[in-house]
file structure_5.txt (compact mmCIF, C-alpha atoms and all ligand atoms)
# COMPACT_ATOMS: atom_id res chain seq x y z
CA MET A 1 -72.10 138.34 -74.56
CA PRO A 2 -69.51 138.88 -76.11
CA VAL A 3 -66.84 136.37 -75.09
CA ILE A 4 -63.24 137.52 -75.24
CA THR A 5 -60.54 134.91 -74.68
CA PHE A 6 -56.98 135.83 -73.68
CA ALA A 7 -54.69 133.20 -75.14
CA SER A 8 -51.02 132.37 -75.53
CA SER A 9 -49.03 129.17 -75.71
CA LYS A 10 -46.53 130.60 -73.19
CA GLY A 11 -46.73 132.42 -69.89
CA GLY A 12 -45.90 136.07 -69.31
CA PRO A 13 -46.98 138.16 -72.34
CA GLY A 14 -49.77 139.94 -70.44
CA LYS A 15 -53.01 137.91 -70.66
CA THR A 16 -53.99 138.39 -67.03
CA THR A 17 -52.96 142.05 -66.97
CA ALA A 18 -54.97 142.81 -70.09
CA ALA A 19 -57.98 140.83 -68.84
CA GLY A 20 -58.02 142.65 -65.47
CA CYS A 21 -57.55 146.10 -67.02
CA LEU A 22 -60.27 145.60 -69.63
CA ALA A 23 -62.66 144.04 -67.12
CA SER A 24 -62.34 147.04 -64.81
CA PHE A 25 -62.68 149.44 -67.77
CA TRP A 26 -66.00 147.93 -68.89
CA ALA A 27 -67.28 147.53 -65.31
CA LYS A 28 -66.51 151.19 -64.68
CA GLN A 29 -68.57 152.06 -67.74
CA GLY A 30 -71.52 150.36 -66.03
CA HIS A 31 -71.45 146.99 -67.80
CA SER A 32 -71.81 143.67 -66.04
CA VAL A 33 -68.57 141.76 -66.53
CA ALA A 34 -67.60 138.15 -65.76
CA ILE A 35 -63.95 137.17 -65.64
CA ILE A 36 -63.38 133.45 -65.95
CA ASP A 37 -60.03 132.47 -64.50
CA ALA A 38 -59.06 129.35 -66.45
CA ASP A 39 -55.47 129.33 -65.20
CA SER A 40 -54.62 127.18 -62.18
CA THR A 41 -52.11 129.81 -61.03
CA ARG A 42 -55.20 131.92 -60.15
CA ALA A 43 -53.50 135.27 -60.79
CA LEU A 44 -56.71 136.93 -62.00
CA SER A 45 -58.73 135.57 -59.07
CA ARG A 46 -56.10 136.84 -56.64
CA TRP A 47 -56.18 140.26 -58.29
CA HIS A 48 -59.97 140.32 -57.94
CA GLY A 49 -59.74 139.14 -54.30
CA ARG A 50 -57.28 141.96 -53.55
CA ALA A 51 -59.56 144.48 -55.23
CA LYS A 52 -62.39 143.39 -52.92
CA GLU A 53 -60.15 143.46 -49.82
CA GLN A 54 -58.78 146.91 -50.59
CA GLY A 55 -62.10 148.35 -51.66
CA THR A 56 -60.97 148.96 -55.25
CA ALA A 57 -63.60 146.49 -56.54
CA PHE A 58 -66.51 148.31 -58.05
CA GLY A 59 -69.45 147.81 -60.32
CA ASP A 60 -70.74 144.50 -61.50
CA LEU A 61 -67.56 142.45 -61.80
CA THR A 62 -67.79 138.73 -61.03
CA ALA A 63 -64.83 136.34 -60.91
CA ILE A 64 -65.42 132.67 -61.71
CA GLU A 65 -62.73 130.00 -61.47
CA CYS A 66 -62.80 127.14 -63.98
CA THR A 67 -59.75 125.13 -65.00
CA ASP A 68 -61.66 122.02 -65.98
CA ASP A 69 -61.64 121.20 -69.72
CA GLU A 70 -64.98 119.48 -69.40
CA ALA A 71 -66.70 122.35 -67.61
CA ILE A 72 -65.34 125.38 -69.46
CA LEU A 73 -67.97 125.52 -72.22
CA ASP A 74 -70.88 125.32 -69.75
CA THR A 75 -69.19 127.92 -67.54
CA VAL A 76 -68.84 130.31 -70.47
CA ARG A 77 -72.43 129.69 -71.61
CA SER A 78 -73.89 130.43 -68.20
CA ALA A 79 -71.73 133.58 -67.81
CA VAL A 80 -72.84 134.78 -71.27
CA ALA A 81 -76.47 134.49 -70.24
CA SER A 82 -76.12 137.05 -67.45
CA HIS A 83 -73.24 139.40 -68.35
CA ASP A 84 -72.51 142.09 -70.93
CA TYR A 85 -68.88 140.96 -71.29
CA VAL A 86 -67.30 137.58 -70.54
CA LEU A 87 -63.50 137.50 -70.38
CA VAL A 88 -61.65 134.17 -70.26
CA ASP A 89 -58.06 134.24 -68.97
CA CYS A 90 -56.24 131.07 -70.11
CA ALA A 91 -53.05 129.47 -68.82
CA GLY A 92 -49.91 129.97 -70.90
CA ALA A 93 -49.88 126.56 -72.55
CA ALA A 94 -51.08 125.00 -75.78
CA ALA A 95 -53.62 122.98 -73.81
CA ARG A 96 -57.02 121.54 -74.63
CA LEU A 97 -58.75 124.21 -72.57
CA LEU A 98 -57.22 126.84 -74.84
CA VAL A 99 -58.90 125.22 -77.84
CA TYR A 100 -62.29 125.12 -76.08
CA ALA A 101 -62.00 128.68 -74.75
CA SER A 102 -61.02 129.85 -78.24
CA GLY A 103 -63.90 127.96 -79.81
CA ALA A 104 -66.34 129.66 -77.40
CA ALA A 105 -64.96 133.15 -78.08
CA ASP A 106 -66.14 135.97 -80.29
CA VAL A 107 -62.66 137.47 -80.16
CA VAL A 108 -59.36 135.89 -79.16
CA ILE A 109 -56.67 138.30 -78.10
CA ILE A 110 -53.11 137.00 -78.17
CA PRO A 111 -50.75 139.23 -76.19
CA ALA A 112 -47.12 139.08 -77.27
CA GLN A 113 -44.05 140.92 -76.15
CA PRO A 114 -41.98 142.36 -78.97
CA GLY A 115 -39.36 139.66 -79.39
CA GLU A 116 -38.70 137.11 -82.11
CA ALA A 117 -39.38 134.13 -79.82
CA ASP A 118 -42.61 135.68 -78.50
CA LEU A 119 -43.89 136.24 -82.01
CA VAL A 120 -43.19 132.60 -82.88
CA GLU A 121 -45.36 131.60 -79.90
CA ALA A 122 -48.07 134.04 -81.03
CA ILE A 123 -48.07 132.40 -84.47
CA LYS A 124 -48.43 129.00 -82.79
CA THR A 125 -51.36 130.29 -80.73
CA ALA A 126 -53.04 131.83 -83.79
CA LYS A 127 -52.85 128.39 -85.48
CA ILE A 128 -54.64 126.83 -82.51
CA VAL A 129 -57.36 129.47 -82.78
CA ARG A 130 -57.68 128.76 -86.50
CA GLN A 131 -58.20 125.09 -85.67
CA ALA A 132 -60.89 126.02 -83.15
CA ARG A 133 -62.55 128.13 -85.85
CA ASP A 134 -62.43 125.21 -88.32
CA LEU A 135 -63.80 122.78 -85.74
CA THR A 136 -66.70 124.98 -84.67
CA GLY A 137 -67.41 126.71 -87.99
CA ARG A 138 -67.78 129.93 -85.98
CA ASN A 139 -66.51 133.31 -87.06
CA ILE A 140 -63.90 133.86 -84.33
CA ALA A 141 -61.88 137.06 -84.65
CA CYS A 142 -58.26 136.65 -83.60
CA ARG A 143 -55.63 139.34 -83.25
CA VAL A 144 -52.21 139.71 -81.70
CA PHE A 145 -51.72 142.51 -79.20
CA LEU A 146 -48.17 143.83 -78.77
CA ASN A 147 -47.53 144.52 -75.10
CA ARG A 148 -44.61 145.97 -73.10
CA ILE A 149 -43.16 148.01 -75.93
CA ASP A 150 -40.18 150.13 -75.02
CA PRO A 151 -40.89 153.43 -76.80
CA ARG A 152 -37.18 154.34 -76.73
CA THR A 153 -36.36 151.52 -79.16
CA HIS A 154 -37.47 150.30 -82.58
CA VAL A 155 -38.21 146.79 -81.32
CA GLY A 156 -41.96 147.46 -81.45
CA GLN A 157 -41.78 148.37 -85.14
CA HIS A 158 -39.66 145.28 -85.89
CA ALA A 159 -42.22 143.10 -84.11
CA MET A 160 -45.06 144.69 -86.05
CA ALA A 161 -43.27 144.13 -89.35
CA GLN A 162 -42.51 140.51 -88.38
CA ALA A 163 -46.16 139.88 -87.44
CA LYS A 164 -47.44 141.45 -90.65
CA SER A 165 -44.99 139.46 -92.79
CA GLN A 166 -46.36 136.28 -91.17
CA GLY A 167 -49.93 137.32 -91.96
CA LEU A 168 -50.79 137.78 -88.27
CA PRO A 169 -53.62 140.27 -87.72
CA LEU A 170 -52.66 142.87 -85.12
CA PHE A 171 -54.47 145.27 -82.82
CA GLU A 172 -53.33 148.78 -83.69
CA THR A 173 -53.17 149.59 -80.00
CA THR A 174 -49.96 148.64 -78.24
CA TRP A 175 -49.14 149.08 -74.57
CA ALA A 176 -45.84 150.45 -73.36
CA ASP A 177 -43.90 148.85 -70.55
CA ARG A 178 -45.23 150.82 -67.58
CA VAL A 179 -45.03 150.42 -63.86
CA ALA A 180 -48.75 151.29 -63.65
CA TYR A 181 -49.59 147.84 -65.06
CA ARG A 182 -47.33 146.04 -62.60
CA GLU A 183 -48.63 147.92 -59.56
CA GLY A 184 -52.17 146.74 -60.19
CA GLN A 185 -51.20 143.18 -59.24
CA TYR A 186 -50.44 144.33 -55.71
CA SER A 187 -53.10 146.95 -55.24
CA GLY A 188 -55.97 145.08 -56.92
CA SER A 189 -56.42 148.21 -59.00
CA THR A 190 -55.85 149.12 -62.65
CA PRO A 191 -54.61 152.26 -64.45
CA VAL A 192 -58.19 153.21 -65.38
CA LEU A 193 -59.15 153.34 -61.70
CA ASP A 194 -55.90 154.86 -60.40
CA ASP A 195 -55.70 157.74 -62.84
CA PRO A 196 -58.16 157.80 -65.77
CA SER A 197 -56.12 160.50 -67.55
CA SER A 198 -52.81 158.61 -67.38
CA PRO A 199 -51.11 157.26 -70.52
CA ALA A 200 -51.73 153.69 -69.33
CA ALA A 201 -55.46 154.37 -68.83
CA ARG A 202 -55.62 155.77 -72.37
CA GLU A 203 -53.95 152.64 -73.72
CA VAL A 204 -56.53 150.49 -71.93
CA ALA A 205 -59.39 152.60 -73.33
CA ASP A 206 -57.91 152.35 -76.86
CA LEU A 207 -57.69 148.57 -76.67
CA ALA A 208 -61.25 148.35 -75.30
CA GLN A 209 -62.46 150.52 -78.17
CA GLU A 210 -60.73 148.33 -80.75
CA LEU A 211 -62.26 145.22 -79.20
CA ASP A 212 -65.70 146.83 -79.17
CA ASP A 213 -65.29 147.75 -82.86
CA CYS A 214 -64.19 144.23 -83.66
CA ILE A 215 -67.21 142.79 -81.82
CA THR A 216 -69.67 145.21 -83.43
CA ALA A 217 -68.34 144.37 -86.88
CA ASP A 218 -68.98 140.69 -86.24
CA SER A 219 -72.10 140.99 -84.10
CA HIS A 220 -74.64 139.96 -86.70
CA ALA A 221 -72.72 136.82 -87.64
CA VAL A 222 -72.02 136.08 -83.98
CA SER A 223 -75.64 136.32 -82.88
CA GLN A 224 -76.67 134.02 -85.73
CA GLN A 225 -74.09 131.45 -84.66
CA ARG A 226 -75.15 131.72 -81.01
CA ILE A 227 -78.73 131.01 -81.91
CA SER A 228 -77.80 127.99 -84.00
CA ALA A 229 -75.58 126.72 -81.17
CA GLY A 230 -78.38 127.14 -78.63
CA VAL A 231 -76.59 129.90 -76.67
CA GLN A 232 -78.87 132.83 -75.90
N1 LIG B 301 -47.50 146.73 -70.25
C1 LIG B 301 -46.88 146.25 -69.18
N2 LIG B 301 -45.94 147.00 -68.54
C2 LIG B 301 -45.28 146.52 -67.46
N3 LIG B 301 -45.48 145.31 -66.93
C3 LIG B 301 -46.38 144.52 -67.52
C4 LIG B 301 -47.15 144.93 -68.66
N4 LIG B 301 -47.98 143.91 -69.01
C5 LIG B 301 -47.76 142.92 -68.13
N5 LIG B 301 -46.80 143.26 -67.25
C6 LIG B 301 -46.22 142.45 -66.16
O1 LIG B 301 -45.70 141.25 -66.76
C7 LIG B 301 -45.88 140.14 -65.89
C8 LIG B 301 -46.62 139.04 -66.65
O2 LIG B 301 -47.92 139.55 -67.02
P1 LIG B 301 -49.20 138.63 -66.94
O3 LIG B 301 -50.36 139.48 -67.31
O4 LIG B 301 -49.26 137.92 -65.62
O5 LIG B 301 -48.89 137.59 -68.10
P2 LIG B 301 -49.66 136.23 -68.48
O6 LIG B 301 -51.00 136.25 -67.82
O7 LIG B 301 -49.74 136.24 -69.97
O8 LIG B 301 -48.81 135.09 -67.98
C9 LIG B 301 -46.64 140.66 -64.69
O9 LIG B 301 -45.71 140.91 -63.68
C10 LIG B 301 -47.27 141.98 -65.17
O10 LIG B 301 -47.42 142.93 -64.12
MG MG B 302 -51.84 134.88 -66.48

call {"tool": "encode", "arguments": {"input": "structure_5.txt", "output": "structure tokens"}}
result
Amino acid sequence: MPVITFASSKGGPGKTTAAGCLASFWAKQGHSVAIIDADSTRALSRWHGRAKEQGTAFGDLTAIECTDDEAILDTVRSAVASHDYVLVDCAGAAARLLVYASGAADVVIIPAQPGEADLVEAIKTAKIVRQARDLTGRNIACRVFLNRIDPRTHVGQHAMAQAKSQGLPLFETTWADRVAYREGQYSGSTPVLDDPSSPAAREVADLAQELDDCITADSHAVSQQRISAGVQ
């Protein structure tokens, strides 16, 4: 525990990047982390494979592939039993697996780039998460995370205002558009490993902290729900 699901109804806003960066952050802190790659494009699994090849893999970080709707809940349950953090990276589609992976989560993080169309997709995804919450009766936290902000423009502020006006809860942390995030795909590394004092590494640490706060705030309710659902 906890389970953090990375969700969006479209591809490209940064689910896999955020999942890889946060997984390596928590593993570096000494936690056991499972990343469940629920996207048939296997981008997260390839990143993990590269990390192993290039020797940038470290700590207790396990990658599990599962794109099967019928198996995802059991896969999450068994990962929860033996890891401190379980991260589920979904495909960019409003698919059934997204509903299940949201229903199994303690927190759903919806990355969105700061554009009108991206925010519309984030709203759509948040509705799916709300349905998963209604179906399961679980207290699933859900927040939008604004990614790839260009600090030279006001687009980030516009996106924040748009999200707030739509009642979308937001992470306060945003990530800038940085080459450090793109490089990780090729090197199997992440900003936290490459240069822990870099601006990108600080952004990763800030997002991890916000997620930890969000999880701690809900932990009592979550553990109660786990027990009643038979998940230890
Ligand atoms: N903050 C960022 N700065 C620069 N590039 C980014 C950032 N976040 C993601 N990317 C790049 O955007 C592309 C899509 O990101 P990805 O995480 O694969 O999206 P998703 O998993 O949601 O489809 C990738 O090439 C990734 O390297
Ligand atoms: Mg992806």

call {"tool": "closest_residue", "arguments": {"input": "structure_5.txt", "among": "A:Val107, A:Ala141, A:Ile149, A:Val86", "to": "ligand LIG 301 (chain B)", "atoms": "all atoms listed in the file"}}
result
A:Ile149

call {"tool": "residues_near_ligand", "arguments": {"input": "structure_5.txt", "ligand": "ligand LIG 301 (chain B)", "cutoff": "8 Å", "atoms": "only C-alpha atoms and all ligand atoms", "output": "ChimeraX atom specification"}}
result
/A:7-8,10-19,43,89-92,111,147-149,175-185

call {"tool": "closest_residue", "arguments": {"input": "structure_5.txt", "among": "A:Ala63, A:Leu193, A:Ala51, A:Val3", "to": "Ser102 of chain A", "atoms": "all atoms listed in the file"}}
result
A:Val3

call {"tool": "residues_around", "arguments": {"input": "structure_5.txt", "residues": "His48 of chain A", "least_positions_apart": "5", "cutoff": "10 Å", "atoms": "only C-alpha atoms", "output": "ChimeraX atom specification"}}
result
/A:20,24,35,42-43,53-54,56-57,61-63,185,187-189

call {"tool": "residues_around", "arguments": {"input": "structure_5.txt", "residues": "segment 80-82 of chain A", "least_positions_apart": "5", "cutoff": "10 Å", "atoms": "only C-alpha atoms", "output": "number ranges by chain"}}
result
A: 1-3, 32-34, 74-75, 87, 231-232

call {"tool": "write_last_selection", "arguments": {"input": "structure_5.txt", "atoms": "C-alpha atoms", "output": "tab-separated table (two decimals), in the coordinates of the input"}}
result
chain	number	residue	atom	x	y	z
A	1	MET	CA	-72.10	138.34	-74.56
A	2	PRO	CA	-69.51	138.88	-76.11
A	3	VAL	CA	-66.84	136.37	-75.09
A	32	SER	CA	-71.81	143.67	-66.04
A	33	VAL	CA	-68.57	141.76	-66.53
A	34	ALA	CA	-67.60	138.15	-65.76
A	74	ASP	CA	-70.88	125.32	-69.75
A	75	THR	CA	-69.19	127.92	-67.54
A	87	LEU	CA	-63.50	137.50	-70.38
A	231	VAL	CA	-76.59	129.90	-76.67
A	232	GLN	CA	-78.87	132.83	-75.90

call {"tool": "closest_residue", "arguments": {"input": "structure_5.txt", "among": "A:Tyr100, A:Thr136, A:Ala38, A:Trp26", "to": "ligand MG 302 (chain B)", "atoms": "all atoms listed in the file"}}
result
A:Ala38

call {"tool": "atom_distance", "arguments": {"input": "structure_5.txt", "atom1": "atom CA of Gln166 of chain A", "atom2": "atom CA of Leu119 of chain A"}}
result
9.5 Å

call {"tool": "closest_residue", "arguments": {"input": "structure_5.txt", "among": "A:Ala217, A:Ser45, A:Ala132, A:Thr125", "to": "ligand MG 302 (chain B)", "atoms": "all atoms listed in the file"}}
result
A:Ser45

call {"tool": "closest_residue", "arguments": {"input": "structure_5.txt", "among": "A:Ala201, A:Arg143, A:Gly30, A:Asp134", "to": "Ile4 of chain A", "atoms": "only C-alpha atoms"}}
result
A:Arg143

call {"tool": "closest_residue", "arguments": {"input": "structure_5.txt", "among": "A:Gln162, A:Thr41, A:Gln209, A:Ser9", "to": "ligand MG 302 (chain B)", "atoms": "all atoms listed in the file"}}
result
A:Thr41

call {"tool": "decode", "arguments": {"input": "structure_5.txt", "residues": "segment 17-61 of chain A", "atoms": "N, CA and C atoms", "output": "mmCIF file, in the first residue's frame"}}
result
data_model
loop_
_atom_site.group_PDB
_atom_site.id
_atom_site.type_symbol
_atom_site.label_atom_id
_atom_site.label_comp_id
_atom_site.auth_asym_id
_atom_site.auth_seq_id
_atom_site.Cartn_x
_atom_site.Cartn_y
_atom_site.Cartn_z
ATOM 1 N N THR A 17 5.838 9.115 -17.575
ATOM 2 C CA THR A 17 6.972 9.897 -17.065
ATOM 3 C C THR A 17 6.820 10.113 -15.563
ATOM 4 N N ALA A 18 5.616 10.509 -15.155
ATOM 5 C CA ALA A 18 5.394 10.759 -13.724
ATOM 6 C C ALA A 18 5.523 9.459 -12.930
ATOM 7 N N ALA A 19 4.988 8.366 -13.471
ATOM 8 C CA ALA A 19 5.053 7.088 -12.745
ATOM 9 C C ALA A 19 6.511 6.654 -12.559
ATOM 10 N N GLY A 20 7.322 6.744 -13.617
ATOM 11 C CA GLY A 20 8.729 6.343 -13.531
ATOM 12 C C GLY A 20 9.509 7.225 -12.559
ATOM 13 N N CYS A 21 9.280 8.531 -12.644
ATOM 14 C CA CYS A 21 10.030 9.463 -11.771
ATOM 15 C C CYS A 21 9.672 9.244 -10.303
ATOM 16 N N LEU A 22 8.378 9.069 -10.028
ATOM 17 C CA LEU A 22 7.968 8.890 -8.626
ATOM 18 C C LEU A 22 8.421 7.531 -8.107
ATOM 19 N N ALA A 23 8.346 6.510 -8.972
ATOM 20 C CA ALA A 23 8.784 5.171 -8.547
ATOM 21 C C ALA A 23 10.256 5.221 -8.150
ATOM 22 N N SER A 24 11.080 5.881 -8.967
ATOM 23 C CA SER A 24 12.511 5.903 -8.644
ATOM 24 C C SER A 24 12.770 6.767 -7.418
ATOM 25 N N PHE A 25 11.955 7.813 -7.228
ATOM 26 C CA PHE A 25 12.113 8.656 -6.030
ATOM 27 C C PHE A 25 11.878 7.821 -4.764
ATOM 28 N N TRP A 26 10.751 7.096 -4.727
ATOM 29 C CA TRP A 26 10.436 6.332 -3.509
ATOM 30 C C TRP A 26 11.392 5.150 -3.325
ATOM 31 N N ALA A 27 11.800 4.524 -4.443
ATOM 32 C CA ALA A 27 12.761 3.410 -4.321
ATOM 33 C C ALA A 27 14.085 3.924 -3.771
ATOM 34 N N LYS A 28 14.477 5.110 -4.218
ATOM 35 C CA LYS A 28 15.742 5.684 -3.730
ATOM 36 C C LYS A 28 15.656 6.005 -2.240
ATOM 37 N N GLN A 29 14.473 6.306 -1.773
ATOM 38 C CA GLN A 29 14.290 6.553 -0.337
ATOM 39 C C GLN A 29 14.302 5.267 0.483
ATOM 40 N N GLY A 30 14.379 4.121 -0.211
ATOM 41 C CA GLY A 30 14.468 2.847 0.499
ATOM 42 C C GLY A 30 13.153 2.086 0.586
ATOM 43 N N HIS A 31 12.134 2.564 -0.132
ATOM 44 C CA HIS A 31 10.843 1.858 -0.106
ATOM 45 C C HIS A 31 10.820 0.763 -1.169
ATOM 46 N N SER A 32 9.994 -0.251 -0.932
ATOM 47 C CA SER A 32 9.780 -1.237 -1.993
ATOM 48 C C SER A 32 8.622 -0.725 -2.862
ATOM 49 N N VAL A 33 8.869 -0.713 -4.171
ATOM 50 C CA VAL A 33 7.914 -0.095 -5.098
ATOM 51 C C VAL A 33 7.581 -1.080 -6.219
ATOM 52 N N ALA A 34 6.288 -1.232 -6.512
ATOM 53 C CA ALA A 34 5.875 -2.021 -7.684
ATOM 54 C C ALA A 34 5.275 -1.067 -8.699
ATOM 55 N N ILE A 35 5.728 -1.191 -9.963
ATOM 56 C CA ILE A 35 5.077 -0.420 -11.016
ATOM 57 C C ILE A 35 4.322 -1.409 -11.898
ATOM 58 N N ILE A 36 3.027 -1.194 -11.996
ATOM 59 C CA ILE A 36 2.216 -2.076 -12.838
ATOM 60 C C ILE A 36 1.988 -1.355 -14.158
ATOM 61 N N ASP A 37 2.523 -1.946 -15.226
ATOM 62 C CA ASP A 37 2.375 -1.350 -16.549
ATOM 63 C C ASP A 37 1.096 -1.924 -17.156
ATOM 64 N N ALA A 38 0.046 -1.087 -17.170
ATOM 65 C CA ALA A 38 -1.246 -1.545 -17.676
ATOM 66 C C ALA A 38 -1.519 -0.990 -19.076
ATOM 67 N N ASP A 39 -0.447 -0.576 -19.743
ATOM 68 C CA ASP A 39 -0.577 -0.011 -21.094
ATOM 69 C C ASP A 39 0.135 -0.940 -22.073
ATOM 70 N N SER A 40 -0.580 -1.376 -23.107
ATOM 71 C CA SER A 40 0.017 -2.352 -24.037
ATOM 72 C C SER A 40 1.189 -1.752 -24.823
ATOM 73 N N THR A 41 1.378 -0.450 -24.804
ATOM 74 C CA THR A 41 2.551 0.123 -25.472
ATOM 75 C C THR A 41 3.838 -0.158 -24.683
ATOM 76 N N ARG A 42 3.718 -0.546 -23.432
ATOM 77 C CA ARG A 42 4.815 -1.017 -22.582
ATOM 78 C C ARG A 42 5.923 0.024 -22.363
ATOM 79 N N ALA A 43 5.575 1.293 -22.399
ATOM 80 C CA ALA A 43 6.625 2.324 -22.263
ATOM 81 C C ALA A 43 7.302 2.249 -20.893
ATOM 82 N N LEU A 44 6.521 2.008 -19.845
ATOM 83 C CA LEU A 44 7.105 1.966 -18.497
ATOM 84 C C LEU A 44 7.984 0.719 -18.331
ATOM 85 N N SER A 45 7.533 -0.396 -18.898
ATOM 86 C CA SER A 45 8.338 -1.630 -18.817
ATOM 87 C C SER A 45 9.647 -1.459 -19.576
ATOM 88 N N ARG A 46 9.577 -0.773 -20.728
ATOM 89 C CA ARG A 46 10.813 -0.562 -21.501
ATOM 90 C C ARG A 46 11.762 0.354 -20.739
ATOM 91 N N TRP A 47 11.204 1.372 -20.086
ATOM 92 C CA TRP A 47 12.045 2.263 -19.272
ATOM 93 C C TRP A 47 12.742 1.448 -18.169
ATOM 94 N N HIS A 48 11.982 0.584 -17.514
ATOM 95 C CA HIS A 48 12.539 -0.215 -16.425
ATOM 96 C C HIS A 48 13.603 -1.186 -16.969
ATOM 97 N N GLY A 49 13.323 -1.767 -18.147
ATOM 98 C CA GLY A 49 14.283 -2.691 -18.774
ATOM 99 C C GLY A 49 15.598 -1.970 -19.068
ATOM 100 N N ARG A 50 15.474 -0.733 -19.596
ATOM 101 C CA ARG A 50 16.666 0.061 -19.905
ATOM 102 C C ARG A 50 17.444 0.389 -18.637
ATOM 103 N N ALA A 51 16.711 0.695 -17.578
ATOM 104 C CA ALA A 51 17.370 1.024 -16.303
ATOM 105 C C ALA A 51 18.199 -0.174 -15.838
ATOM 106 N N LYS A 52 17.648 -1.369 -16.030
ATOM 107 C CA LYS A 52 18.393 -2.573 -15.596
ATOM 108 C C LYS A 52 19.627 -2.777 -16.469
ATOM 109 N N GLU A 53 19.419 -2.637 -17.799
ATOM 110 C CA GLU A 53 20.524 -2.802 -18.760
ATOM 111 C C GLU A 53 21.675 -1.841 -18.472
ATOM 112 N N GLN A 54 21.313 -0.587 -18.208
ATOM 113 C CA GLN A 54 22.328 0.462 -18.078
ATOM 114 C C GLN A 54 22.821 0.619 -16.645
ATOM 115 N N GLY A 55 22.291 -0.218 -15.766
ATOM 116 C CA GLY A 55 22.755 -0.169 -14.386
ATOM 117 C C GLY A 55 22.218 1.010 -13.601
ATOM 118 N N THR A 56 21.149 1.672 -14.128
ATOM 119 C CA THR A 56 20.574 2.781 -13.360
ATOM 120 C C THR A 56 19.432 2.279 -12.455
ATOM 121 N N ALA A 57 19.086 0.977 -12.595
ATOM 122 C CA ALA A 57 18.058 0.413 -11.705
ATOM 123 C C ALA A 57 18.677 0.287 -10.324
ATOM 124 N N PHE A 58 17.879 0.489 -9.327
ATOM 125 C CA PHE A 58 18.431 0.486 -7.968
ATOM 126 C C PHE A 58 17.280 0.177 -7.040
ATOM 127 N N GLY A 59 17.636 -0.222 -5.840
ATOM 128 C CA GLY A 59 16.624 -0.404 -4.807
ATOM 129 C C GLY A 59 15.625 -1.478 -5.177
ATOM 130 N N ASP A 60 14.542 -1.469 -4.469
ATOM 131 C CA ASP A 60 13.527 -2.506 -4.602
ATOM 132 C C ASP A 60 12.415 -1.996 -5.508
ATOM 133 N N LEU A 61 12.662 -2.104 -6.807
ATOM 134 C CA LEU A 61 11.707 -1.586 -7.797
ATOM 135 C C LEU A 61 11.343 -2.720 -8.758
#
